[in-house]
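data-v8.txt follows (compact mmCIF, C-alpha atoms):
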# COMPACT_ATOMS: atom_id res chain seq x y z
CA MET N 1 28.42 22.51 82.80
CA LEU N 2 29.28 26.12 81.91
CA HIS N 3 32.24 26.84 79.62
CA GLY N 4 34.31 29.87 78.63
CA ASP N 5 32.51 33.21 78.72
CA GLU N 6 29.41 31.72 80.36
CA ALA N 7 31.43 30.45 83.31
CA ILE N 8 33.25 33.79 83.61
CA GLN N 9 29.98 35.71 83.56
CA ALA N 10 28.49 33.38 86.16
CA LEU N 11 31.49 33.84 88.47
CA ARG N 12 31.42 37.61 87.98
CA ALA N 13 27.74 37.69 88.90
CA ALA N 14 28.40 35.58 91.99
CA LEU N 15 31.31 37.85 92.97
CA GLU N 16 29.16 40.97 92.59
CA ALA N 17 26.67 39.40 94.97
CA SER N 18 29.45 38.38 97.38
CA PRO N 19 32.44 40.74 96.81
CA ASP N 20 34.23 39.61 99.99
CA ASN N 21 34.35 35.95 98.91
CA LEU N 22 38.06 35.46 98.25
CA THR N 23 37.59 31.85 97.11
CA LEU N 24 35.22 32.98 94.36
CA ARG N 25 37.68 35.68 93.40
CA ARG N 26 40.51 33.17 93.10
CA HIS N 27 38.38 30.86 90.94
CA LEU N 28 37.47 33.74 88.63
CA GLY N 29 41.10 34.84 88.36
CA ASP N 30 42.26 31.31 87.58
CA LEU N 31 39.60 30.90 84.90
CA LEU N 32 40.59 34.20 83.28
CA LEU N 33 44.19 33.01 83.18
CA ARG N 34 43.19 29.71 81.58
CA VAL N 35 41.49 31.57 78.73
CA GLY N 36 44.39 34.00 78.30
CA ARG N 37 42.78 37.13 79.78
CA ALA N 38 45.70 38.03 82.04
CA GLU N 39 45.00 41.77 82.39
CA GLU N 40 41.49 41.08 83.68
CA ALA N 41 42.90 38.49 86.08
CA ILE N 42 45.37 41.07 87.41
CA GLU N 43 42.50 43.40 88.32
CA ILE N 44 40.56 40.59 90.00
CA PHE N 45 43.53 39.50 92.14
CA ARG N 46 44.50 43.09 93.01
CA ALA N 47 40.98 43.87 94.16
CA GLY N 48 41.08 40.81 96.42
CA LEU N 49 44.45 41.78 97.89
CA ALA N 50 43.06 45.25 98.63
CA GLN N 51 40.63 43.44 100.96
CA ALA N 52 43.09 40.90 102.35
CA ALA N 53 46.70 41.95 101.77
CA ASP N 54 48.17 38.66 103.05
CA ALA N 55 45.93 36.28 101.09
CA ARG N 56 48.53 33.75 99.92
CA GLU N 57 46.52 32.19 97.08
CA LEU N 58 45.64 35.59 95.63
CA LYS N 59 49.30 36.67 95.69
CA VAL N 60 50.31 33.50 93.84
CA GLY N 61 47.54 34.13 91.32
CA LEU N 62 48.67 37.75 90.84
CA ALA N 63 52.27 36.64 90.19
CA GLN N 64 51.04 34.12 87.59
CA ALA N 65 48.87 36.78 85.97
CA PHE N 66 51.79 39.21 85.78
CA TYR N 67 53.91 36.54 84.12
CA GLN N 68 51.23 35.69 81.57
CA ALA N 69 50.78 39.41 80.81
CA GLY N 70 54.51 39.75 80.07
CA LYS N 71 55.20 41.79 83.22
CA GLN N 72 58.12 39.68 84.40
CA SER N 73 59.60 42.24 86.80
CA HIS N 74 56.24 42.55 88.59
CA ALA N 75 55.99 38.77 88.88
CA LEU N 76 59.55 38.52 90.19
CA VAL N 77 58.85 40.96 93.05
CA ILE N 78 56.12 38.65 94.38
CA VAL N 79 58.17 35.51 93.74
CA GLU N 80 61.16 36.89 95.65
CA GLU N 81 58.89 37.75 98.58
CA PHE N 82 57.64 34.14 98.72
CA LEU N 83 61.15 32.67 98.38
CA LYS N 84 62.14 34.29 101.68
CA ARG N 85 59.51 32.20 103.47
CA PRO N 86 60.00 28.63 104.69
CA ASP N 87 56.66 27.49 103.24
CA THR N 88 57.15 28.54 99.60
CA PRO N 89 54.38 26.94 97.49
CA ALA N 90 55.22 24.71 94.52
CA ALA N 91 53.52 27.14 92.12
CA ILE N 92 56.04 29.85 93.08
CA TYR N 93 59.04 27.56 92.51
CA LEU N 94 57.57 26.63 89.12
CA LEU N 95 57.01 30.27 88.18
CA HIS N 96 60.53 31.15 89.33
CA ALA N 97 61.89 28.41 87.06
CA ARG N 98 60.11 29.99 84.09
CA LEU N 99 61.43 33.46 84.95
CA LEU N 100 64.98 32.15 85.36
CA LEU N 101 64.78 30.34 82.03
CA GLN N 102 63.75 33.58 80.34
CA GLU N 103 66.78 35.28 81.90
CA GLY N 104 69.01 32.59 80.40
CA ASN N 105 69.84 31.05 83.80
CA ALA N 106 68.82 27.51 82.88
CA GLU N 107 70.84 25.70 85.55
CA ARG N 108 69.21 27.58 88.40
CA ALA N 109 65.83 27.17 86.68
CA VAL N 110 66.32 23.40 86.85
CA ARG N 111 66.95 23.58 90.61
CA GLN N 112 63.78 25.59 91.17
CA TYR N 113 61.77 23.24 88.94
CA LYS N 114 62.94 20.24 90.97
CA ARG N 115 62.00 22.03 94.19
CA ALA N 116 58.51 22.55 92.79
CA ILE N 117 58.19 18.82 92.06
CA GLU N 118 59.48 17.93 95.53
CA ALA N 119 56.90 20.24 97.12
CA ASP N 120 54.08 18.94 94.90
CA PRO N 121 54.57 16.12 92.35
CA GLY N 122 51.37 17.29 90.67
CA ALA N 123 53.13 20.52 89.64
CA ALA N 124 55.14 18.65 86.96
CA ASP N 125 55.13 20.39 83.57
CA GLU N 126 56.34 18.18 80.71
CA GLU N 127 56.99 21.02 78.29
CA LEU N 128 59.03 23.04 80.79
CA ALA N 129 60.91 19.93 81.92
CA GLU N 130 61.85 19.17 78.30
CA ARG N 131 63.11 22.72 77.71
CA LEU N 132 65.18 22.53 80.88
CA GLY N 133 66.48 19.05 80.26
CA ALA N 134 65.34 18.07 83.75
CA GLY N 135 65.49 14.26 83.90
CA SER N 136 67.03 14.16 80.41
CA GLU N 137 68.08 11.13 78.40
CA PRO N 138 71.73 10.52 77.37
CA ASP N 139 71.20 11.79 73.80
CA ASP N 140 69.23 14.93 74.67
CA GLU N 141 70.75 18.29 73.74
CA VAL N 142 70.06 19.79 77.15
CA ASP N 143 71.08 18.05 80.36
CA ASN N 144 69.78 19.68 83.56
CA GLY N 145 70.08 23.14 82.07
CA ARG N 146 73.51 22.57 80.49
CA ILE N 147 74.12 22.32 76.75
CA ARG N 148 75.96 19.07 76.02
CA MET N 149 79.55 19.20 74.78
CA GLY N 150 79.69 19.21 71.00
CA ILE N 151 76.09 20.30 70.53
CA GLY N 152 76.50 24.07 70.97
CA GLY N 153 73.78 26.65 70.76
CA ASP N 154 71.23 27.26 68.12
CA SER N 155 73.22 29.01 65.39
CA THR N 156 70.28 30.18 63.31
CA PRO N 157 70.05 33.99 63.06
CA GLY N 158 67.47 35.64 65.27
CA PRO N 159 64.43 37.14 63.53
CA GLU N 160 64.37 40.87 62.79
CA LEU N 161 61.89 42.80 64.89
CA GLN N 162 59.01 44.62 63.27
CA MET N 163 59.87 48.25 62.58
CA GLU N 164 57.12 50.79 63.19
CA ARG N 165 56.46 54.25 61.75
CA PRO N 166 54.29 55.81 64.48
CA LYS N 167 51.72 58.42 63.46
CA ILE N 168 51.09 59.73 66.96
CA THR N 169 52.97 62.78 68.27
CA PHE N 170 53.31 64.63 71.57
CA ALA N 171 49.88 66.14 70.88
CA ASP N 172 48.44 62.67 71.51
CA VAL N 173 50.12 62.42 74.93
CA GLY N 174 48.25 64.07 77.78
CA GLY N 175 50.38 66.02 80.26
CA MET N 176 53.99 64.97 80.99
CA GLU N 177 55.28 68.39 79.83
CA SER N 178 58.56 68.31 81.81
CA VAL N 179 59.41 64.86 80.46
CA LYS N 180 58.56 65.94 76.92
CA GLU N 181 60.87 68.94 77.26
CA GLU N 182 63.77 66.73 78.36
CA ILE N 183 63.18 64.46 75.36
CA ARG N 184 63.06 67.48 73.04
CA LEU N 185 66.42 68.66 74.37
CA LYS N 186 68.11 65.27 74.21
CA ILE N 187 66.52 63.68 71.14
CA ILE N 188 64.36 65.98 69.02
CA HIS N 189 66.42 69.19 68.87
CA PRO N 190 69.65 67.40 67.83
CA LEU N 191 67.81 66.17 64.72
CA THR N 192 65.90 69.35 63.92
CA HIS N 193 68.91 71.60 64.65
CA ARG N 194 71.67 69.28 63.46
CA GLU N 195 74.11 72.05 62.40
CA LEU N 196 73.96 73.73 65.80
CA TYR N 197 74.72 70.52 67.66
CA GLU N 198 77.49 69.57 65.25
CA ALA N 199 79.08 72.99 65.75
CA TYR N 200 79.46 72.14 69.43
CA GLY N 201 80.65 68.61 68.65
CA LYS N 202 77.57 67.13 70.27
CA PRO N 203 76.77 63.68 68.83
CA ILE N 204 73.22 62.97 67.68
CA GLY N 205 72.08 60.06 69.81
CA GLY N 206 72.28 58.92 73.40
CA GLY N 207 69.92 57.46 75.93
CA ILE N 208 67.12 58.41 78.28
CA LEU N 209 65.91 56.12 81.06
CA MET N 210 62.36 56.66 82.27
CA TYR N 211 61.20 55.14 85.54
CA GLY N 212 58.03 55.28 87.56
CA PRO N 213 54.83 53.38 88.33
CA PRO N 214 53.41 51.13 85.60
CA GLY N 215 50.74 52.49 83.29
CA CYS N 216 51.90 56.12 83.35
CA GLY N 217 52.63 56.39 79.64
CA LYS N 218 56.32 55.60 79.25
CA THR N 219 55.78 53.35 76.22
CA HIS N 220 53.19 55.67 74.69
CA LEU N 221 55.53 58.64 75.10
CA SER N 222 58.40 56.75 73.45
CA ARG N 223 56.22 55.89 70.46
CA ALA N 224 55.11 59.55 70.22
CA THR N 225 58.77 60.63 70.27
CA ALA N 226 59.42 58.62 67.13
CA GLY N 227 56.28 60.08 65.54
CA GLU N 228 57.38 63.60 66.47
CA ILE N 229 60.59 63.28 64.41
CA ARG N 230 59.16 60.84 61.82
CA ALA N 231 61.74 58.24 62.78
CA SER N 232 61.61 54.45 62.79
CA PHE N 233 60.51 52.92 66.07
CA LEU N 234 61.72 49.58 67.39
CA VAL N 235 60.26 48.08 70.56
CA VAL N 236 62.45 45.53 72.34
CA GLY N 237 61.11 43.26 75.07
CA ILE N 238 63.04 40.72 77.10
CA ASN N 239 61.59 37.86 75.07
CA ASP N 240 63.17 39.36 71.95
CA VAL N 241 66.63 39.11 73.48
CA LEU N 242 66.93 36.45 76.17
CA ASP N 243 67.54 32.89 74.98
CA MET N 244 68.30 29.69 76.87
CA TRP N 245 71.19 28.82 74.52
CA LEU N 246 74.62 30.06 75.55
CA GLY N 247 75.68 33.16 73.65
CA ASN N 248 72.40 33.64 71.81
CA SER N 249 71.15 36.41 74.08
CA GLU N 250 74.25 38.51 73.39
CA ARG N 251 73.91 37.84 69.66
CA ASN N 252 70.22 38.81 69.70
CA LEU N 253 71.02 42.06 71.50
CA HIS N 254 73.71 42.91 68.94
CA GLN N 255 71.28 42.22 66.09
CA VAL N 256 68.71 44.57 67.63
CA PHE N 257 71.23 47.42 67.69
CA GLU N 258 72.40 46.60 64.16
CA GLN N 259 68.82 46.73 62.90
CA ALA N 260 68.39 50.15 64.54
CA ARG N 261 71.66 51.40 63.02
CA ARG N 262 70.51 50.35 59.55
CA SER N 263 67.26 52.30 60.02
CA ARG N 264 68.57 55.54 61.48
CA PRO N 265 67.21 57.89 62.55
CA CYS N 266 65.62 55.31 64.79
CA VAL N 267 64.12 55.38 68.25
CA LEU N 268 65.11 52.15 69.98
CA PHE N 269 62.88 51.48 72.96
CA PHE N 270 63.66 48.89 75.65
CA ASP N 271 60.69 47.95 77.81
CA GLU N 272 61.34 46.57 81.32
CA VAL N 273 65.04 47.25 80.76
CA ASP N 274 65.89 46.10 84.30
CA ALA N 275 65.32 42.50 83.11
CA LEU N 276 68.13 42.92 80.54
CA GLY N 277 70.38 45.14 82.61
CA ALA N 278 70.04 43.71 86.11
CA SER N 279 72.72 44.57 88.62
CA ARG N 280 75.64 42.21 88.02
CA SER N 281 76.22 41.91 91.76
CA ASP N 282 72.80 40.24 92.00
CA LEU N 283 73.44 37.78 89.16
CA ARG N 284 74.82 34.41 90.24
CA GLY N 285 75.41 32.94 86.80
CA SER N 286 77.89 34.21 84.20
CA ALA N 287 75.28 34.13 81.41
CA GLY N 288 73.34 37.09 82.84
CA ARG N 289 76.55 39.09 83.37
CA GLN N 290 77.56 38.55 79.75
CA VAL N 291 74.25 39.97 78.56
CA VAL N 292 74.77 43.08 80.72
CA ASN N 293 78.32 43.47 79.39
CA GLN N 294 77.08 43.15 75.80
CA PHE N 295 74.36 45.73 76.45
CA LEU N 296 76.90 48.22 77.84
CA ALA N 297 79.20 47.67 74.86
CA GLU N 298 76.36 48.31 72.41
CA LEU N 299 75.35 51.50 74.23
CA ASP N 300 78.96 52.70 74.06
CA GLY N 301 79.07 52.03 70.31
CA ALA N 302 82.31 50.13 70.87
CA LYS N 303 82.30 48.49 67.42
CA ALA N 304 79.77 50.60 65.50
CA SER N 305 78.60 54.19 65.80
CA ASN N 306 75.24 54.87 67.43
CA ASP N 307 74.96 58.29 65.80
CA GLY N 308 71.29 58.72 64.87
CA VAL N 309 70.16 55.88 67.14
CA LEU N 310 68.04 57.39 69.87
CA ILE N 311 67.67 55.07 72.83
CA LEU N 312 64.78 55.21 75.27
CA ALA N 313 64.24 52.69 78.04
CA ALA N 314 61.57 52.22 80.67
CA THR N 315 61.58 50.41 83.98
CA ASN N 316 59.29 50.10 86.96
CA ALA N 317 62.21 48.91 89.11
CA PRO N 318 65.26 51.19 88.61
CA TRP N 319 66.78 49.82 91.82
CA HIS N 320 67.42 46.52 90.02
CA LEU N 321 69.36 48.18 87.16
CA ASP N 322 73.15 47.89 87.07
CA SER N 323 74.72 51.22 88.08
CA ALA N 324 77.01 51.15 85.04
CA PHE N 325 74.04 52.04 82.83
CA ARG N 326 73.84 55.45 84.49
CA ARG N 327 77.30 56.59 83.37
CA PRO N 328 77.61 59.49 80.88
CA GLY N 329 77.14 58.41 77.28
CA ARG N 330 74.75 55.61 78.22
CA PHE N 331 71.51 56.51 79.99
CA ASP N 332 72.76 59.93 80.99
CA ARG N 333 69.24 61.33 81.45
CA ILE N 334 67.16 59.57 84.09
CA LEU N 335 63.60 60.86 84.23
CA PHE N 336 60.95 60.14 86.81
CA VAL N 337 57.54 59.68 85.15
CA PRO N 338 54.95 60.19 87.91
CA PRO N 339 51.23 59.61 87.72
CA PRO N 340 49.55 62.52 85.93
CA ASP N 341 48.63 65.52 88.10
CA THR N 342 45.14 67.06 88.08
CA THR N 343 45.74 69.14 84.95
CA ALA N 344 47.38 66.22 83.15
CA ARG N 345 44.56 63.82 84.15
CA ALA N 346 42.04 66.17 82.56
CA GLU N 347 44.15 66.26 79.39
CA VAL N 348 44.55 62.47 79.36
CA LEU N 349 40.78 62.07 79.66
CA ARG N 350 40.29 64.49 76.76
CA VAL N 351 42.67 62.44 74.62
CA LEU N 352 40.98 59.16 75.62
CA CYS N 353 37.51 60.50 74.84
CA ARG N 354 38.52 62.00 71.51
CA GLY N 355 36.33 60.63 68.71
CA LYS N 356 33.80 59.11 71.12
CA PRO N 357 30.20 60.29 71.57
CA VAL N 358 30.24 62.59 74.63
CA SER N 359 27.91 65.17 76.12
CA ASP N 360 29.35 68.18 78.01
CA LEU N 361 31.98 66.22 79.90
CA ASP N 362 33.45 68.10 82.87
CA TYR N 363 37.03 66.88 82.54
CA ASP N 364 38.33 69.08 85.36
CA ARG N 365 35.78 67.68 87.81
CA LEU N 366 36.62 64.12 86.81
CA ALA N 367 40.34 64.84 87.17
CA LYS N 368 39.83 65.94 90.78
CA THR N 369 38.08 62.66 91.65
CA THR N 370 40.82 60.43 90.17
CA GLU N 371 43.81 61.31 92.32
CA ASN N 372 46.75 58.85 92.03
CA PHE N 373 45.28 57.30 88.87
CA SER N 374 47.77 56.38 86.18
CA GLY N 375 47.11 56.83 82.48
CA ALA N 376 46.27 53.14 82.29
CA ASP N 377 43.83 53.51 85.21
CA LEU N 378 42.10 56.39 83.40
CA LYS N 379 41.84 54.27 80.26
CA ALA N 380 40.21 51.56 82.36
CA VAL N 381 37.70 54.15 83.62
CA VAL N 382 36.78 55.20 80.08
CA ASP N 383 36.57 51.58 78.89
CA MET N 384 34.35 50.63 81.81
CA ALA N 385 32.05 53.61 81.21
CA ILE N 386 31.76 52.65 77.53
CA GLU N 387 30.91 49.05 78.44
CA ASP N 388 28.13 50.30 80.75
CA LYS N 389 26.76 52.54 77.97
CA LEU N 390 26.82 49.61 75.54
CA ARG N 391 24.74 47.54 77.99
CA GLU N 392 22.23 50.40 78.21
CA ALA N 393 22.16 50.77 74.42
CA MET N 394 21.49 47.03 73.99
CA LYS N 395 18.46 47.27 76.27
CA ALA N 396 17.14 50.59 74.99
CA GLY N 397 17.90 49.97 71.34
CA THR N 398 19.46 53.41 70.91
CA PRO N 399 22.96 54.64 71.85
CA SER N 400 23.51 57.62 74.14
CA PRO N 401 26.64 59.77 74.69
CA LEU N 402 29.03 59.48 77.61
CA THR N 403 28.37 61.92 80.44
CA THR N 404 30.29 63.15 83.45
CA LYS N 405 28.06 60.98 85.64
CA ASP N 406 28.95 57.86 83.60
CA LEU N 407 32.70 58.40 83.98
CA ALA N 408 32.41 59.33 87.66
CA ALA N 409 30.50 56.10 88.33
CA ALA N 410 33.13 54.07 86.48
CA ALA N 411 35.95 55.78 88.40
CA LYS N 412 34.49 54.53 91.68
CA LYS N 413 34.97 50.95 90.46
CA VAL N 414 38.67 51.38 89.60
CA GLN N 415 41.39 51.35 92.27
CA PRO N 416 44.54 53.40 91.47
CA SER N 417 47.34 50.98 90.66
CA THR N 418 50.18 53.37 91.55
CA ARG N 419 49.95 52.98 95.34
CA GLU N 420 51.60 49.56 95.32
CA TRP N 421 54.59 50.92 93.38
CA PHE N 422 55.06 53.93 95.65
CA SER N 423 55.06 51.75 98.77
CA THR N 424 58.16 50.01 97.38
CA ALA N 425 59.77 53.10 95.83
CA ARG N 426 59.47 55.01 99.09
CA ASN N 427 61.81 52.60 100.88
CA TYR N 428 64.48 52.93 98.17
CA ALA N 429 64.09 56.71 98.04
CA VAL N 430 64.50 57.05 101.80
CA TYR N 431 67.15 54.40 102.51
CA ALA N 432 69.05 53.75 99.25
CA ASN N 433 69.24 57.11 97.51
CA GLN N 434 72.96 57.23 96.73
CA GLY N 435 73.76 60.11 94.40
CA GLY N 436 70.23 61.52 94.68
CA LEU N 437 68.82 59.17 92.05
CA TYR N 438 65.38 59.10 93.70
CA ASP N 439 65.17 62.76 94.73
CA ASP N 440 62.22 63.23 92.38
CA VAL N 441 60.35 60.43 94.16
CA LEU N 442 61.00 62.12 97.52
CA LYS N 443 59.70 65.43 96.15
CA TYR N 444 56.62 63.76 94.74
CA LEU N 445 55.90 62.10 98.10
CA ARG N 446 56.68 65.40 99.85
CA LEU N 447 59.37 63.83 102.00
CA THR N 448 61.87 66.65 101.42
Let me see whether you can do it: turn the structure in this file into structure tokens.
Amino acid sequence: MLHGDEAIQALRAALEASPDNLTLRRHLGDLLLRVGRAEEAIEIFRAGLAQAADARELKVGLAQAFYQAGKQSHALVIVEEFLKRPDTPAAIYLLHARLLLQEGNAERAVRQYKRAIEADPGAADEELAERLGAGSEPDDEVDNGRIRMGIGGDSTPGPELQMERPKITFADVGGMESVKEEIRLKIIHPLTHRELYEAYGKPIGGGILMYGPPGCGKTHLSRATAGEIRASFLVVGINDVLDMWLGNSERNLHQVFEQARRSRPCVLFFDEVDALGASRSDLRGSAGRQVVNQFLAELDGAKASNDGVLILAATNAPWHLDSAFRRPGRFDRILFVPPPDTTARAEVLRVLCRGKPVSDLDYDRLAKTTENFSGADLKAVVDMAIEDKLREAMKAGTPSPLTTKDLAAAAKKVQPSTREWFSTARNYAVYANQGGLYDDVLKYLRLT
């Protein structure tokens, strides 16, 4: 019996011989998930859905892969689509329970977990059931998602996040010139021209919200912003804040801001901010609303000044963000980060190939053949080309440089990941564009 990498290689070989075999594709994706290779599984499932958009098992697999990769908002989009159907599979109920638990909505998570068990008793997960208190004993701390009277939450202080000192700058970010200029105006110039801003009574701080398709460099740009001004950099994910115990999520969020205030100047970056700042009208439980309220209070600096704390946030789903975050003094700059254009793609490829053995690469030609590719897609192209060259080097015994032909061949194997996002964004831009929030999306799609 084959195990681990051998089994994966065998399935990949079989899939190359029979690329339309969706069953093989699902088996390969599942195996990649079992060994913790979620990003590879995402590509396998996406490629299958490009062939058969309604393949139910592949959609379930993609949602599970997103969750394992830490892309909760992506997973939730697929889960919500399934929940509208009468034949929701047990795996989706189970995944929804995990997502709800991460949001701090334990009671609803219990209901979804029980639905999963009703649909398929084999879906039972002992560890998740214990965390939820589903089927709890009289002395357990958690009873069906509720903390028992007299027990209270976990009062231990949350751990401090690791503070970074990025060495990259805007020179390491290909393209995105208009976004860089907005960040210079809002974040960099107030620090480098402090006296001028103080003369106008302009506080040094504030927030910028970046939205757009995944993989277009929002996180990389935020890290480069901190490097540009030699500031501390603190990355905050939803797992760093959300907690199943009542009140702990709000406390964790406060501690994050306090850590940033102690390290000013500091760039505080919230990834997938829509998971922390979801629209309160969409939240059924009070726990999620309290987290949003705490977030807004911290942004306002209600109890402590945010002067010198520079807040950047990124989201792939701005339509899920509470509208209160867009008020002046909070995220008062909202920037659309599109896929790189032709010039920017050439620059991104130059950055990605820097320090690698290359031979007369025609970056402009490659840029023209990778329309709609995100920065992450271009990185996948370079990585795939390098892997192919390594295979050749192993056989020949001598390495050879990357060529235009190598990268062009790799680009044909990569599907642009931005199309899926734009199919959703287009509907919001056309039908829910109150206040012109998505005007930039309409311009990009040439719908205005």
TODO: Tell me, as JSON, numbers by chain, which residues lie within 6 Å of N:Trp421, counting only C-alpha atoms; anything in the same chain fewer than 3 positions away does not count.
DONE: {"N": [213, 418, 424]}
Written selection (C-alpha atoms) as a PDB file, keeping the file's coordinate frame:
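Contents of selection27.pdb, freshly written:
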ATOM      1  CA  PRO N 213      54.830  53.380  88.330  1.00  0.00           C
ATOM      2  CA  THR N 418      50.180  53.370  91.550  1.00  0.00           C
ATOM      3  CA  THR N 424      58.160  50.010  97.380  1.00  0.00           C
TER       4      THR N 424
END
TODO: Could you tell me which of N:Leu310, N:Ala408, N:Ile44, N:Leu99 comes closest to N:His74 if we count only C-alpha atoms?
DONE: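 Among the listed residues, N:Leu99 lies closest to N:His74.
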Around (63.9, 26.3, 84.0), as given in the file, which residues come within 10 Å? Count only C-alpha atoms and list them as a PDB file with C-alpha atoms, in the coordinates of the input.
ATOM      1  CA  TYR N  93      59.040  27.560  92.510  1.00  0.00           C
ATOM      2  CA  LEU N  94      57.570  26.630  89.120  1.00  0.00           C
ATOM      3  CA  LEU N  95      57.010  30.270  88.180  1.00  0.00           C
ATOM      4  CA  HIS N  96      60.530  31.150  89.330  1.00  0.00           C
ATOM      5  CA  ALA N  97      61.890  28.410  87.060  1.00  0.00           C
ATOM      6  CA  ARG N  98      60.110  29.990  84.090  1.00  0.00           C
ATOM      7  CA  LEU N  99      61.430  33.460  84.950  1.00  0.00           C
ATOM      8  CA  LEU N 100      64.980  32.150  85.360  1.00  0.00           C
ATOM      9  CA  LEU N 101      64.780  30.340  82.030  1.00  0.00           C
ATOM     10  CA  GLN N 102      63.750  33.580  80.340  1.00  0.00           C
ATOM     11  CA  GLU N 103      66.780  35.280  81.900  1.00  0.00           C
ATOM     12  CA  GLY N 104      69.010  32.590  80.400  1.00  0.00           C
ATOM     13  CA  ASN N 105      69.840  31.050  83.800  1.00  0.00           C
ATOM     14  CA  ALA N 106      68.820  27.510  82.880  1.00  0.00           C
ATOM     15  CA  GLU N 107      70.840  25.700  85.550  1.00  0.00           C
ATOM     16  CA  ARG N 108      69.210  27.580  88.400  1.00  0.00           C
ATOM     17  CA  ALA N 109      65.830  27.170  86.680  1.00  0.00           C
ATOM     18  CA  VAL N 110      66.320  23.400  86.850  1.00  0.00           C
ATOM     19  CA  ARG N 111      66.950  23.580  90.610  1.00  0.00           C
ATOM     20  CA  GLN N 112      63.780  25.590  91.170  1.00  0.00           C
ATOM     21  CA  TYR N 113      61.770  23.240  88.940  1.00  0.00           C
ATOM     22  CA  LYS N 114      62.940  20.240  90.970  1.00  0.00           C
ATOM     23  CA  LEU N 128      59.030  23.040  80.790  1.00  0.00           C
ATOM     24  CA  ALA N 129      60.910  19.930  81.920  1.00  0.00           C
ATOM     25  CA  GLU N 130      61.850  19.170  78.300  1.00  0.00           C
ATOM     26  CA  ARG N 131      63.110  22.720  77.710  1.00  0.00           C
ATOM     27  CA  LEU N 132      65.180  22.530  80.880  1.00  0.00           C
ATOM     28  CA  GLY N 133      66.480  19.050  80.260  1.00  0.00           C
ATOM     29  CA  ALA N 134      65.340  18.070  83.750  1.00  0.00           C
ATOM     30  CA  ASN N 144      69.780  19.680  83.560  1.00  0.00           C
ATOM     31  CA  GLY N 145      70.080  23.140  82.070  1.00  0.00           C
ATOM     32  CA  MET N 244      68.300  29.690  76.870  1.00  0.00           C
TER      33      MET N 244
END
- [ ] Enumerate, as a list in words, the protein, DNA and RNA residues whose atoms approach (69.8, 43.4, 83.4) to within 9 Å, taking into account all atoms listed in the file and the coordinate frame of the file.
- [x]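 Using all atoms listed in the file, the matching residues come out as Glu103, Val273, Asp274, Ala275, Leu276, Gly277, Ala278, Ser279, Arg280, Leu283, Gly288, Arg289, Val291, Val292, Phe295, His320, Leu321 and Asp322 of chain N.
Distances here use all atoms listed in the file; by that measure, the residue among N:Leu378, N:Leu24, N:Ile78, N:Ala317 closest to N:Ala346 is N:Leu378.
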Open item on the list: Restricting the calculation to only C-alpha atoms: of N:Lys303, N:Lys202, N:Arg391, N:Lys218, which residue gets closest to N:Leu335?
Closed with: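 Distance minimum relative to N:Leu335 lands on N:Lys218.
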Task: Separation of atom CA of N:Phe269 from atom CA of N:Glu198 in Å - done: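 Result for atom CA of N:Glu198 versus atom CA of N:Phe269: 24.5 Å, one decimal.
Counting from atom CA of N:Ile187, the distance to atom CA of N:Leu242 is 27.7 Å.
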Open item on the list: Which residues are near N:Phe270? Cut-off 12 Å, only C-alpha atoms, ignore same chain within fewer than 4 positions. Put them as JSON, numbers by chain.
Closed with: {"N": [207, 208, 209, 210, 211, 218, 219, 222, 223, 233, 234, 235, 236, 237, 238, 239, 240, 241, 253, 256, 257, 274, 275, 276, 277, 295, 310, 311, 312, 313, 314, 315, 331]}
Open item on the list: Could you list, as an NGL selection string, every residue within 12 Å of N:Pro190, counting all atoms listed in the file and ignoring same-chain residues fewer than 2 positions away?
Closed with: :N and (183-188 or 192-206 or 229 or 265 or 307-310)
TODO: Name the closest residue to N:Leu407 among the candidates N:Ile168, N:Ala14, N:Ala41, N:Leu361; distances are taken between atoms, counting only C-alpha atoms.
DONE: N:Leu361
Task: Residue with smallest distance to N:His220 - pool N:Leu442, N:Ala425, N:Met176, N:Ala344, counting all atoms listed in the file - done: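 Between N:Leu442, N:Ala425, N:Met176, N:Ala344, the residue approaching N:His220 most closely is N:Met176.
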- [ ] Could you please determine the separation between atom CA of N:Asp341 and atom CA of N:Asp406 in Å, to one decimal place?
- [x]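 Distance reported for this atom pair: 21.6 Å.
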Task: Residue nearest N:Glu182 among N:Arg12, N:Arg333, N:Lys413, N:Lys379 (counting all atoms listed in the file) - done: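 Under the stated criterion, the closest residue is N:Arg333.
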